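Taking it in order: structure first as structure tokens, then the write-up.
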Amino acid sequence: MKHIMAIIKPFKLDDVRKTLVELGVQGLSVTEIKGFGRQKGHTEIYRGTEYEVSFLPKIQISVVVSDELSDSVVDAILNAAKTGQIGDGKIFVLPVEKAVRIRTGESGAEAL
Amino acid sequence: MYRKFIYPILAIAGFITVSSEPAFAAEETAYVFNTLLFLIGGFLVMWMAAGFAMLEAGMVRSKNVAMQCTKNIALYAIGGLMFWLLGYNLMYDGVDGGFIGSFTAFAVPDPSADTGDYSAASDWFFQMVFCATAASIVSGTLAERIKLWPFLIFVALLCGVIYPIQGAWQWGGGWLSEAGFSDFAGSTIVHSTGGWAALMGALILGARAGKYGENGSINAMPGSSMPLATLGTFILWLGWFGFNGGSQLALGSLEDASSISVIFMNTNLAAAGGVVTALILTQILYKKVDLTMCLNGALAGLVSITAEPLMPSPIMAIIIGSIGGIIVVFAVPLLDKLKIDDVVGAIPVHLLAGIWGTLAVPLTNPDITFGSQILGIVSVGVFVSAVSAILWYVMKMTIGIRVTPEAELMGLDRSELGMDAYPEFTKQ
């Protein structure tokens, strides 16, 4: 099983969600985060004072899928979330040791 | 063609025939309308308390929102109680060209003894809401680092003693009014008074932790809710029609009604001038419009016109309000340069625009001189500043007025109240 964690631009969430559902992904979770990559921040002014905006709002999507599905999920997210502008985000794939469904107690691939 | 007149005429004739006597006699009309003006103007000004609360809640960070709301509702209650217990009579009872009224509680006369031009209780109510407004001004400046109870103690003394005494000098018929000073609805008496008290507090309390760094750096601390701040400003704007309009103090004649209408119009024009000036200035200076400055601009325009909302022509009202807007746009960063931390801009809006509004009166009112205006500004300023500073300092040295650094970082909601303004995420 793989945990695919993608950091994407907030307005891309719905496109990514649609693609993943079409692919057969059974569930995902979403967090609002802030972050920056290689792009520098910029300055804004509040009541006459300049301040650094280093962090930009992003969305972090987490899906846990079987090993076989992992590559197609990564490709799907990549295509749906890409705009070609800086700040598009990143996708990480992590190994998952164990997965459990709380309602039934099943574990392993059945829990996904 | 006459049919559309027949039915109303018949109805009125029928009504006059059927009712045994008119609802009130002609000589009582003035009393009733004067009283109504105080009651309606009064509750409009009371509504400004909601405006202050929302504006301040929106301008502080989330971790301090519940505390700011607490301060606002508490100060309004305490201010009202103190104004009954001490304030009203200290301001109005037997001043007679002097400095002070009497240290007694306001007693409501029996309706049968409530003679004169208006109901006594309506006058108490109308004056009370002005007093409480002055206290509301102070809470914005000192937000995010002041302890609750010392602040409320200050409010009690501001509303029970400080505000009434300087108010007695002018509206109570004291020495200042006899010297020719003019302040129609309170640019000095209410707004500058609140502003001086806030300034003294800010100086003695100190800035928020992390606000000012070494070598002159300033950290912006953006407010948590622009919609609340905007709503608060609109609510204040609405309440101001009661503030300025009600200060005509009479609605018993054509002239009164006409004057109040002009006052409403000038009040609105001045606010509008303040907004547009702030809009344009921030666009030019910062390349982007600053919403919070526009909100401050509206209020500065309102404060500026408050000393004389009747005499100005529409153009003058706009100009007076616009200059208030200019003052605010430049004063806010200036205060930061001086390391005076005013969270909501109350000092520029109420103190500085209040001084400007008071000075502007002779520009449109030929009966008033700059000399008498300066006399009023300075005497009220010295008195309020001195007493406020002593109060703040004594409390600082005894019970302390500032929360601990840890409490300030954690946020006053958690540390002083034990609650969150926006508690979701772990509780649902």
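Naming scheme: A, B, ... for chains in displayed order of the structure tokens; residues 1 onward per chain; ligands 1 onward as shown.
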
(request) Compute the set of chain B residues within 10 Å of chain A, using only C-alpha atoms, and express it as a ChimeraX atom specification. (result) /B:217-223,282,285-293,329-334,336-337,344-345

(request) List every residue of chain A that DSSP, applied to the backbone, labels as alpha helix (DSSP H), and write the result as a ChimeraX atom specification. (result) /A:13-23,67-81

(message) Under the rule that only C-alpha atoms are counted, which of B:Leu152, B:Ala25, B:Val32, B:Cys159 is the nearest residue to Leu85 of chain B?
(response)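 Selected residue with least distance to Leu85 of chain B: B:Cys159.
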
(message) From the options B:Leu37, B:Met67, B:Pro348, B:Glu56, which residue's atoms come nearest to Met226 of chain B, counting only C-alpha atoms?
(response)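 Counting only C-alpha atoms, the residue closest to Met226 of chain B is B:Glu56.
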
(message) Report, in Å with one decimal, the straight-line distance from atom CA of Asp183 of chain B to atom CA of Ile327 of chain B.
(response) 19.7 Å

(request) Rounded to one decimal place, report the atom CA of Gly194 of chain B-atom CA of Ser304 of chain B distance in Å. (result)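 Between these atoms lies a distance of 14.4 Å.
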
(message) One decimal, in Å: what's the spacing between atom CA of Val378 of chain B and atom CA of Thr233 of chain B?
(response) 28.7 Å

(message) With only C-alpha atoms as the counted atoms, please give the residues lying no more than 7 Å from Thr306 of chain B, apart from itself and same-chain residues fewer than 6 positions off, as a list in words.
(response) Phe184, Ala185, Gly186, Ser187, Asn244 and Gly357 of chain B

(message) Counting only C-alpha atoms, which residue out of A:Pro95, A:Val73, A:Gly41, A:Val100 sits closest to Val21 of chain A?
(response) A:Val73

(message) Set the distance at 10 Å and use only C-alpha atoms: which residues neighbour Gly324 of chain B once local chain neighbours fewer than 3 positions away are removed? I'd like the list as a PyMOL selection string.
(response) chain B and resi 270-271+273-275+277-278+296-305+318-321+327-329+348-350+352-357

(request) May I ask which of the residues A:Leu23, A:Ile8, A:Leu94, A:Met1 is the closest one to Lys82 of chain A, counting only C-alpha atoms? (result)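 Selected residue with least distance to Lys82 of chain A: A:Ile8.
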
(request) From a DSSP calculation on the backbone, collect every residue of segment 3-86 of chain A in strand (DSSP E) and output the set as an NGL selection string. (result) :A and (3-8 or 29-35 or 42-46 or 49-53 or 56-65)
